file model29.pdb (PDB, C-alpha atoms)
MODEL        1
ATOM      1  CA  MET A   1      -7.190  64.129 -34.366
ATOM      2  CA  VAL A   2      -5.353  61.677 -36.639
ATOM      3  CA  ASP A   3      -2.572  61.285 -34.062
ATOM      4  CA  VAL A   4      -5.160  60.619 -31.344
ATOM      5  CA  LEU A   5      -6.846  57.870 -33.359
ATOM      6  CA  LYS A   6      -3.504  56.303 -34.279
ATOM      7  CA  GLU A   7      -2.604  56.174 -30.602
ATOM      8  CA  VAL A   8      -5.971  54.568 -29.773
ATOM      9  CA  ILE A   9      -5.248  51.851 -32.330
ATOM     10  CA  ARG A  10      -1.787  51.318 -30.844
ATOM     11  CA  LEU A  11      -3.165  50.994 -27.326
ATOM     12  CA  ARG A  12      -5.699  48.416 -28.450
ATOM     13  CA  GLU A  13      -3.100  46.390 -30.337
ATOM     14  CA  GLU A  14      -0.812  46.342 -27.299
ATOM     15  CA  GLY A  15      -3.573  45.636 -24.797
ATOM     16  CA  LYS A  16      -3.031  48.920 -22.948
ATOM     17  CA  GLU A  17      -5.627  51.227 -21.419
ATOM     18  CA  GLY A  18      -6.808  54.769 -22.009
ATOM     19  CA  VAL A  19      -9.932  56.898 -22.237
ATOM     20  CA  LEU A  20     -10.959  58.599 -25.476
ATOM     21  CA  ILE A  21     -12.958  61.766 -24.826
ATOM     22  CA  THR A  22     -15.060  63.250 -27.637
ATOM     23  CA  VAL A  23     -17.035  66.507 -27.720
ATOM     24  CA  VAL A  24     -20.449  65.309 -28.908
ATOM     25  CA  GLU A  25     -22.521  68.447 -28.322
ATOM     26  CA  LYS A  26     -21.966  72.152 -27.780
ATOM     27  CA  ILE A  27     -24.626  74.764 -27.060
ATOM     28  CA  GLY A  28     -23.744  78.443 -26.841
ATOM     29  CA  SER A  29     -20.254  79.808 -26.335
ATOM     30  CA  GLY A  30     -17.231  77.816 -25.293
ATOM     31  CA  PRO A  31     -13.749  76.746 -26.360
ATOM     32  CA  SER A  32     -14.737  73.265 -27.523
ATOM     33  CA  ARG A  33     -15.754  72.125 -31.004
ATOM     34  CA  VAL A  34     -18.003  69.172 -31.736
ATOM     35  CA  GLY A  35     -15.765  66.311 -32.803
ATOM     36  CA  ASP A  36     -12.721  67.399 -30.797
ATOM     37  CA  LYS A  37     -10.982  64.420 -29.211
ATOM     38  CA  MET A  38      -8.559  63.868 -26.374
ATOM     39  CA  LEU A  39      -6.926  60.642 -25.218
ATOM     40  CA  VAL A  40      -6.034  60.288 -21.536
ATOM     41  CA  LYS A  41      -3.639  57.563 -20.350
ATOM     42  CA  PRO A  42      -3.398  55.988 -16.872
ATOM     43  CA  ASP A  43      -0.460  58.225 -15.909
ATOM     44  CA  GLY A  44      -2.589  61.322 -16.582
ATOM     45  CA  SER A  45      -0.806  62.269 -19.794
ATOM     46  CA  LYS A  46      -2.996  63.388 -22.677
ATOM     47  CA  LEU A  47      -3.022  63.729 -26.430
ATOM     48  CA  GLY A  48      -5.367  66.065 -28.256
ATOM     49  CA  THR A  49      -7.775  68.537 -26.657
ATOM     50  CA  VAL A  50     -11.427  69.100 -25.794
ATOM     51  CA  GLY A  51     -11.036  72.835 -25.306
ATOM     52  CA  GLY A  52      -8.365  73.345 -22.691
ATOM     53  CA  GLY A  53      -8.632  75.192 -19.393
ATOM     54  CA  THR A  54     -10.835  74.124 -16.501
ATOM     55  CA  LEU A  55     -13.019  71.868 -18.660
ATOM     56  CA  GLU A  56     -10.007  69.858 -19.748
ATOM     57  CA  GLN A  57      -8.784  69.510 -16.166
ATOM     58  CA  ILE A  58     -12.196  68.184 -15.160
ATOM     59  CA  ALA A  59     -12.194  65.817 -18.144
ATOM     60  CA  VAL A  60      -8.785  64.359 -17.250
ATOM     61  CA  LYS A  61      -9.882  63.772 -13.646
ATOM     62  CA  ARG A  62     -13.076  62.082 -14.820
ATOM     63  CA  ALA A  63     -11.134  59.947 -17.320
ATOM     64  CA  LEU A  64      -8.859  58.629 -14.574
ATOM     65  CA  SER A  65     -11.900  57.548 -12.557
ATOM     66  CA  ILE A  66     -13.325  55.836 -15.638
ATOM     67  CA  LEU A  67     -10.097  53.852 -16.024
ATOM     68  CA  LYS A  68     -10.895  52.245 -12.669
ATOM     69  CA  GLU A  69     -14.532  51.577 -13.553
ATOM     70  CA  LYS A  70     -13.809  50.480 -17.150
ATOM     71  CA  LYS A  71     -17.151  51.891 -18.322
ATOM     72  CA  ASN A  72     -18.222  54.480 -20.886
ATOM     73  CA  LEU A  73     -19.886  57.736 -19.820
ATOM     74  CA  LEU A  74     -21.761  60.661 -21.376
ATOM     75  CA  GLU A  75     -21.629  63.821 -19.266
ATOM     76  CA  LYS A  76     -22.843  67.368 -19.778
ATOM     77  CA  TYR A  77     -20.947  70.380 -18.397
ATOM     78  CA  ASP A  78     -22.332  73.817 -17.565
ATOM     79  CA  LEU A  79     -20.057  76.561 -18.899
ATOM     80  CA  SER A  80     -22.489  79.404 -18.180
ATOM     81  CA  GLY A  81     -22.257  79.634 -14.397
ATOM     82  CA  GLU A  82     -26.058  79.505 -14.234
ATOM     83  CA  GLY A  83     -26.310  75.966 -12.866
ATOM     84  CA  ASP A  84     -27.881  74.247 -15.869
ATOM     85  CA  LYS A  85     -30.049  71.409 -14.540
ATOM     86  CA  GLY A  86     -28.547  67.976 -15.194
ATOM     87  CA  ALA A  87     -25.103  69.405 -16.021
ATOM     88  CA  VAL A  88     -21.881  69.293 -14.029
ATOM     89  CA  ARG A  89     -20.755  72.746 -12.928
ATOM     90  CA  SER A  90     -17.370  73.764 -14.316
ATOM     91  CA  ASP A  91     -16.957  77.265 -12.809
ATOM     92  CA  MET A  92     -16.431  78.523 -16.358
ATOM     93  CA  LEU A  93     -18.336  81.564 -17.628
ATOM     94  CA  CYS A  94     -18.243  81.030 -21.390
ATOM     95  CA  GLY A  95     -22.012  81.124 -21.685
ATOM     96  CA  GLY A  96     -22.941  77.654 -22.952
ATOM     97  CA  ASN A  97     -22.580  73.978 -22.195
ATOM     98  CA  VAL A  98     -20.688  71.030 -23.603
ATOM     99  CA  SER A  99     -21.341  67.286 -23.586
ATOM    100  CA  LEU A 100     -18.395  64.902 -23.513
ATOM    101  CA  PHE A 101     -18.445  61.188 -24.277
ATOM    102  CA  TYR A 102     -15.854  59.125 -22.420
ATOM    103  CA  GLU A 103     -14.961  55.837 -24.106
ATOM    104  CA  TYR A 104     -12.899  53.306 -22.185
ATOM    105  CA  ILE A 105     -10.115  51.879 -24.348
ATOM    106  CA  GLY A 106      -8.738  48.534 -23.298
ATOM    107  CA  THR A 107      -9.201  44.808 -23.472
ATOM    108  CA  GLY A 108     -10.889  42.204 -21.405
ATOM    109  CA  PRO A 109      -8.903  39.883 -19.151
ATOM    110  CA  ARG A 110      -5.361  38.843 -19.983
ATOM    111  CA  VAL A 111      -4.799  35.179 -20.757
ATOM    112  CA  TYR A 112      -1.304  33.683 -20.843
ATOM    113  CA  ILE A 113      -1.027  30.401 -22.730
ATOM    114  CA  PHE A 114       2.115  28.358 -22.148
ATOM    115  CA  GLY A 115       2.606  26.111 -25.155
ATOM    116  CA  ALA A 116       1.801  26.799 -28.806
ATOM    117  CA  GLY A 117       1.063  23.205 -29.748
ATOM    118  CA  HIS A 118      -2.265  21.771 -30.883
ATOM    119  CA  VAL A 119      -4.295  22.756 -27.810
ATOM    120  CA  GLY A 120      -2.575  26.135 -27.567
ATOM    121  CA  LYS A 121      -3.412  26.907 -31.191
ATOM    122  CA  ALA A 122      -7.013  25.843 -30.691
ATOM    123  CA  LEU A 123      -7.281  28.050 -27.616
ATOM    124  CA  VAL A 124      -6.044  31.070 -29.564
ATOM    125  CA  TYR A 125      -8.414  30.338 -32.439
ATOM    126  CA  HIS A 126     -11.492  30.391 -30.188
ATOM    127  CA  LEU A 127     -10.346  33.074 -27.738
ATOM    128  CA  ARG A 128      -9.864  35.516 -30.621
ATOM    129  CA  LYS A 129     -13.650  35.608 -30.946
ATOM    130  CA  LEU A 130     -13.860  36.976 -27.398
ATOM    131  CA  ASP A 131     -12.291  40.038 -25.776
ATOM    132  CA  TYR A 132      -9.316  38.420 -24.034
ATOM    133  CA  PHE A 133      -5.835  39.790 -24.667
ATOM    134  CA  ILE A 134      -3.889  36.680 -25.641
ATOM    135  CA  THR A 135      -0.203  36.126 -24.904
ATOM    136  CA  VAL A 136       1.412  32.845 -25.935
ATOM    137  CA  ILE A 137       4.748  31.702 -24.546
ATOM    138  CA  ASP A 138       6.799  28.863 -26.052
ATOM    139  CA  SER A 139      10.453  27.834 -26.159
ATOM    140  CA  ARG A 140      10.220  26.465 -29.728
ATOM    141  CA  LYS A 141      10.787  29.099 -32.409
ATOM    142  CA  ASP A 142       9.257  27.162 -35.327
ATOM    143  CA  ILE A 143       6.108  26.268 -33.396
ATOM    144  CA  LEU A 144       5.614  29.834 -32.186
ATOM    145  CA  GLU A 145       6.201  31.340 -35.636
ATOM    146  CA  ASP A 146       3.517  29.054 -37.043
ATOM    147  CA  LEU A 147       0.941  30.370 -34.578
ATOM    148  CA  GLU A 148      -1.590  32.921 -35.800
ATOM    149  CA  GLY A 149      -4.050  35.090 -33.908
ATOM    150  CA  ALA A 150      -2.246  35.842 -30.633
ATOM    151  CA  HIS A 151      -1.868  39.481 -29.663
ATOM    152  CA  LYS A 152       1.607  38.785 -28.331
ATOM    153  CA  LYS A 153       4.067  35.901 -28.748
ATOM    154  CA  ILE A 154       7.050  35.394 -26.465
ATOM    155  CA  LEU A 155       9.914  33.080 -27.372
ATOM    156  CA  THR A 156      11.699  32.076 -24.184
ATOM    157  CA  GLY A 157      12.582  29.164 -21.959
ATOM    158  CA  TYR A 158       9.784  28.192 -19.600
ATOM    159  CA  GLU A 159      11.993  28.728 -16.556
ATOM    160  CA  LYS A 160      11.976  32.432 -17.506
ATOM    161  CA  ALA A 161       8.416  32.447 -18.779
ATOM    162  CA  ILE A 162       6.946  35.170 -16.596
ATOM    163  CA  GLU A 163      10.047  37.180 -15.865
ATOM    164  CA  ASP A 164       9.960  40.791 -17.051
ATOM    165  CA  ILE A 165       6.265  40.525 -17.943
ATOM    166  CA  GLU A 166       3.834  42.923 -16.288
ATOM    167  CA  ILE A 167       0.905  40.654 -15.407
ATOM    168  CA  PRO A 168      -2.300  42.352 -14.166
ATOM    169  CA  GLU A 169      -4.055  40.949 -11.125
ATOM    170  CA  GLY A 170      -6.919  38.610 -12.025
ATOM    171  CA  SER A 171      -5.320  37.231 -15.181
ATOM    172  CA  PHE A 172      -5.850  33.736 -16.594
ATOM    173  CA  PHE A 173      -3.090  31.157 -17.115
ATOM    174  CA  VAL A 174      -3.369  27.999 -19.199
ATOM    175  CA  ILE A 175      -0.482  25.513 -19.117
ATOM    176  CA  THR A 176      -0.316  23.162 -22.064
ATOM    177  CA  THR A 177       3.362  22.692 -22.877
ATOM    178  CA  HIS A 178       4.903  19.704 -24.642
ATOM    179  CA  SER A 179       5.991  17.832 -21.492
ATOM    180  CA  HIS A 180       5.115  17.327 -17.826
ATOM    181  CA  VAL A 181       8.566  18.667 -16.912
ATOM    182  CA  THR A 182       7.941  22.083 -18.469
ATOM    183  CA  ASP A 183       4.325  22.043 -17.250
ATOM    184  CA  TYR A 184       5.625  21.797 -13.696
ATOM    185  CA  THR A 185       8.294  24.433 -14.321
ATOM    186  CA  VAL A 186       5.620  26.929 -15.375
ATOM    187  CA  LEU A 187       3.227  25.966 -12.572
ATOM    188  CA  LYS A 188       5.907  26.460  -9.939
ATOM    189  CA  LYS A 189       7.029  29.787 -11.432
ATOM    190  CA  ILE A 190       3.459  31.100 -11.299
ATOM    191  CA  TYR A 191       3.083  30.179  -7.649
ATOM    192  CA  GLU A 192       6.487  31.616  -6.783
ATOM    193  CA  ALA A 193       5.645  34.947  -8.409
ATOM    194  CA  ASP A 194       3.303  37.465  -6.823
ATOM    195  CA  VAL A 195       0.956  37.707  -9.809
ATOM    196  CA  LYS A 196      -2.441  36.953  -8.147
ATOM    197  CA  PRO A 197      -4.233  35.199 -11.041
ATOM    198  CA  CYS A 198      -7.883  34.244 -10.856
ATOM    199  CA  TYR A 199      -7.383  31.033 -12.820
ATOM    200  CA  ILE A 200      -4.589  28.553 -13.487
ATOM    201  CA  GLY A 201      -5.583  25.809 -15.894
ATOM    202  CA  LEU A 202      -3.249  22.840 -16.287
ATOM    203  CA  VAL A 203      -3.836  20.229 -18.968
ATOM    204  CA  ALA A 204      -3.246  16.899 -17.193
ATOM    205  CA  SER A 205      -4.619  13.489 -16.372
ATOM    206  CA  PRO A 206      -5.794  12.949 -12.767
ATOM    207  CA  ASN A 207      -2.606  11.021 -11.992
ATOM    208  CA  LYS A 208      -0.337  13.695 -13.468
ATOM    209  CA  ALA A 209      -2.276  16.449 -11.713
ATOM    210  CA  SER A 210      -1.983  14.723  -8.346
ATOM    211  CA  THR A 211       1.751  14.116  -8.806
ATOM    212  CA  LEU A 212       2.495  17.730  -9.770
ATOM    213  CA  VAL A 213       0.444  19.216  -6.942
ATOM    214  CA  LYS A 214       2.092  16.998  -4.329
ATOM    215  CA  ARG A 215       5.495  18.024  -5.626
ATOM    216  CA  LEU A 216       4.477  21.681  -5.637
ATOM    217  CA  ARG A 217       3.373  21.535  -2.008
ATOM    218  CA  SER A 218       6.561  19.781  -1.018
ATOM    219  CA  GLU A 219       8.951  22.144  -2.759
ATOM    220  CA  LEU A 220       7.294  25.473  -1.977
ATOM    221  CA  LYS A 221       6.790  24.679   1.711
ATOM    222  CA  LYS A 222       4.250  27.480   2.158
ATOM    223  CA  ASP A 223       0.526  28.008   2.012
ATOM    224  CA  ILE A 224      -0.584  28.268  -1.595
ATOM    225  CA  ASP A 225      -4.032  28.920  -3.010
ATOM    226  CA  LEU A 226      -5.016  25.747  -4.829
ATOM    227  CA  ASN A 227      -8.610  26.904  -5.216
ATOM    228  CA  ILE A 228      -7.559  28.773  -8.348
ATOM    229  CA  LEU A 229      -5.833  25.704  -9.818
ATOM    230  CA  TYR A 230      -8.018  23.871 -12.332
ATOM    231  CA  THR A 231      -6.477  20.534 -13.173
ATOM    232  CA  PRO A 232      -7.494  18.388 -14.901
ATOM    233  CA  VAL A 233      -8.614  21.480 -16.733
ATOM    234  CA  GLY A 234     -11.960  22.297 -18.340
ATOM    235  CA  LEU A 235     -15.654  21.618 -17.905
ATOM    236  CA  ASP A 236     -16.834  18.044 -18.326
ATOM    237  CA  ILE A 237     -18.521  18.476 -21.704
ATOM    238  CA  GLY A 238     -16.858  15.598 -23.539
ATOM    239  CA  GLY A 239     -14.538  15.377 -26.524
ATOM    240  CA  GLU A 240     -10.837  14.667 -26.963
ATOM    241  CA  THR A 241      -9.737  16.694 -30.003
ATOM    242  CA  PRO A 242      -7.666  19.868 -29.475
ATOM    243  CA  HIS A 243     -10.614  22.088 -30.399
ATOM    244  CA  GLU A 244     -12.974  20.216 -28.077
ATOM    245  CA  ILE A 245     -10.453  20.484 -25.254
ATOM    246  CA  ALA A 246     -10.012  24.201 -25.977
ATOM    247  CA  ILE A 247     -13.770  24.794 -25.884
ATOM    248  CA  SER A 248     -13.948  22.939 -22.576
ATOM    249  CA  ILE A 249     -11.176  25.122 -21.120
ATOM    250  CA  ILE A 250     -12.638  28.383 -22.416
ATOM    251  CA  SER A 251     -16.066  27.426 -21.082
ATOM    252  CA  GLU A 252     -14.486  26.962 -17.669
ATOM    253  CA  MET A 253     -12.661  30.283 -17.944
ATOM    254  CA  GLN A 254     -15.923  32.025 -18.777
ATOM    255  CA  ALA A 255     -17.656  30.401 -15.796
ATOM    256  CA  VAL A 256     -14.874  31.643 -13.508
ATOM    257  CA  ARG A 257     -14.860  35.073 -15.116
ATOM    258  CA  TYR A 258     -18.576  35.630 -14.616
ATOM    259  CA  GLY A 259     -18.882  33.847 -11.273
ATOM    260  CA  LYS A 260     -21.128  31.065 -12.532
ATOM    261  CA  SER A 261     -21.517  27.921 -10.456
ATOM    262  CA  GLY A 262     -23.190  24.530 -10.698
ATOM    263  CA  HIS A 263     -21.031  23.282 -13.567
ATOM    264  CA  HIS A 264     -19.247  19.949 -13.510
ATOM    265  CA  HIS A 265     -15.562  20.810 -13.557
ATOM    266  CA  LEU A 266     -12.938  18.186 -14.304
ATOM    267  CA  LYS A 267     -10.629  19.679 -11.669
ATOM    268  CA  MET A 268      -9.648  17.735  -8.587
ATOM    269  CA  GLU A 269     -10.169  19.201  -5.127
ATOM    270  CA  TRP A 270      -6.922  19.696  -3.257
ATOM    271  CA  SER A 271      -7.964  21.032   0.153
ATOM    272  CA  SER A 272      -8.241  17.563   1.689
ATOM    273  CA  SER A 273      -5.706  15.729  -0.471
TER     274      SER A 273
ENDMDL
END
call {"tool": "encode", "arguments": {"input": "model29.pdb", "output": "structure tokens"}}
result
Amino acid sequence: MVDVLKEVIRLREEGKEGVLITVVEKIGSGPSRVGDKMLVKPDGSKLGTVGGGTLEQIAVKRALSILKEKKNLLEKYDLSGEGDKGAVRSDMLCGGNVSLFYEYIGTGPRVYIFGAGHVGKALVYHLRKLDYFITVIDSRKDILEDLEGAHKKILTGYEKAIEDIEIPEGSFFVITTHSHVTDYTVLKKIYEADVKPCYIGLVASPNKASTLVKRLRSELKKDIDLNILYTPVGLDIGGETPHEIAISIISEMQAVRYGKSGHHHLKMEWSSS
């Protein structure tokens, strides 16, 4: 069991997924013991046991479905062959029944912050209170080393910022580097890659935003989804300090995440520009 719990901790620290299955009740005969645990990973591999045999095969199959739903589940299994009401039949004839609790292990959305300066640090500080998995990318070693709170820090040039990174669909990007040149480099790389984010936030003035978008359209020469580009970034809630800007950006991210509308975004509309 210790190895199972250690692996759960590792998965959480690395932002990876799994399902922890625990035997929470046992009535009558059966191979399981209350407290037994098994961890199932997305590839179907497992660590630990909840009793083996047919029950364990059923549990692994159920765990893989839970990985898609990202929800917890309590389920009772009939091991008697008598069709216990409210229990899932297992075709086992041990004589009792077992209840398993499935706990989804994972994080909320991934957020990739480009730039570990003042706004980047403020973003990490506030996002740590939520369930985002935070990755910060910067080309400056001293600035990145000074950053606390991110789950993952990547030291690299911005032109290689999203190379060799597995980015889940529906992730969030926030671009707040130290210059408009590197801001554009990151923005273009995101649109060139097939990463399918739900949000790209770019810290910019209206003039800078317009200039970068026009350049992006000109250089890519293809249809791009600018509906997911939020620049100038954030909700219009006021304030100019790094923490106020960060709160504005995170508020906008939350609105996008939960499908809320009616807010006054600072972003410019690009469909007719």
call {"tool": "closest_residue", "arguments": {"input": "model29.pdb", "among": "A:Ala255, A:Leu5, A:Met38, A:Arg12", "to": "Gly108 in chain A", "atoms": "only C-alpha atoms"}}
result
A:Arg12
call {"tool": "resolve_selection", "arguments": {"input": "model29.pdb", "expression": "the PyMOL selection byres ((chain A and resi 120-137) around 8)", "output": "JSON, numbers by chain"}}
result
{"A": [15, 107, 108, 109, 110, 111, 112, 113, 114, 115, 116, 117, 118, 119, 138, 139, 144, 147, 148, 149, 150, 151, 152, 153, 154, 155, 156, 158, 161, 176, 242, 243, 246, 247, 250]}
call {"tool": "closest_residue", "arguments": {"input": "model29.pdb", "among": "A:Glu56, A:Glu14, A:Asp164, A:Glu69", "to": "Tyr104 in chain A", "atoms": "only C-alpha atoms"}}
result
A:Glu69
call {"tool": "residues_around", "arguments": {"input": "model29.pdb", "residues": "Leu73 in chain A", "least_positions_apart": "5", "cutoff": "7 Å", "atoms": "all atoms listed in the file", "output": "ChimeraX atom specification"}}
result
/A:101-103
call {"tool": "resolve_selection", "arguments": {"input": "model29.pdb", "expression": "the PyMOL selection byres ((chain A and resi 8) around 8)", "output": "PyMOL selection string"}}
result
chain A and resi 4-7+9-12+18+20+39+105
call {"tool": "write_last_selection", "arguments": {"input": "model29.pdb", "atoms": "C-alpha atoms", "output": "CSV table (one decimal), keeping the file's coordinate frame"}}
result
chain,number,residue,atom,x,y,z
A,4,VAL,CA,-5.2,60.6,-31.3
A,5,LEU,CA,-6.8,57.9,-33.4
A,6,LYS,CA,-3.5,56.3,-34.3
A,7,GLU,CA,-2.6,56.2,-30.6
A,9,ILE,CA,-5.2,51.9,-32.3
A,10,ARG,CA,-1.8,51.3,-30.8
A,11,LEU,CA,-3.2,51.0,-27.3
A,12,ARG,CA,-5.7,48.4,-28.4
A,18,GLY,CA,-6.8,54.8,-22.0
A,20,LEU,CA,-11.0,58.6,-25.5
A,39,LEU,CA,-6.9,60.6,-25.2
A,105,ILE,CA,-10.1,51.9,-24.3
call {"tool": "residues_near_point", "arguments": {"input": "model29.pdb", "point": "(-9.5, 75.6, -23.7)", "cutoff": "12 Å", "atoms": "only C-alpha atoms", "output": "PyMOL selection string"}}
result
chain A and resi 29-33+36+48-59+79+92+94
call {"tool": "resolve_selection", "arguments": {"input": "model29.pdb", "expression": "the PyMOL selection byres ((chain A and resi 182) around 12)", "output": "ChimeraX atom specification"}}
result
/A:114-115,137-139,157-161,175-181,183-189,202-203,212
call {"tool": "axis_aligned_box", "arguments": {"input": "model29.pdb", "around": "range 212-215 of chain A", "padding_each_side": "5 Å", "output": "lines of an AutoDock Vina configuration file"}}
result
center_x = 3.0
center_y = 18.1
center_z = -7.0
size_x = 15.1
size_y = 12.2
size_z = 15.4
call {"tool": "atom_distance", "arguments": {"input": "model29.pdb", "atom1": "CA of Pro206 in chain A", "atom2": "CA of Met268 in chain A"}}
result
7.4 Å
call {"tool": "atom_distance", "arguments": {"input": "model29.pdb", "atom1": "CA of Leu266 in chain A", "atom2": "CA of Leu235 in chain A"}}
result
5.7 Å
call {"tool": "closest_residue", "arguments": {"input": "model29.pdb", "among": "A:Tyr77, A:Trp270, A:Phe173, A:Tyr258", "to": "Pro197 in chain A", "atoms": "only C-alpha atoms"}}
result
A:Phe173
call {"tool": "atom_distance", "arguments": {"input": "model29.pdb", "atom1": "CA of Ile21 in chain A", "atom2": "CA of Ile165 in chain A"}}
result
29.5 Å
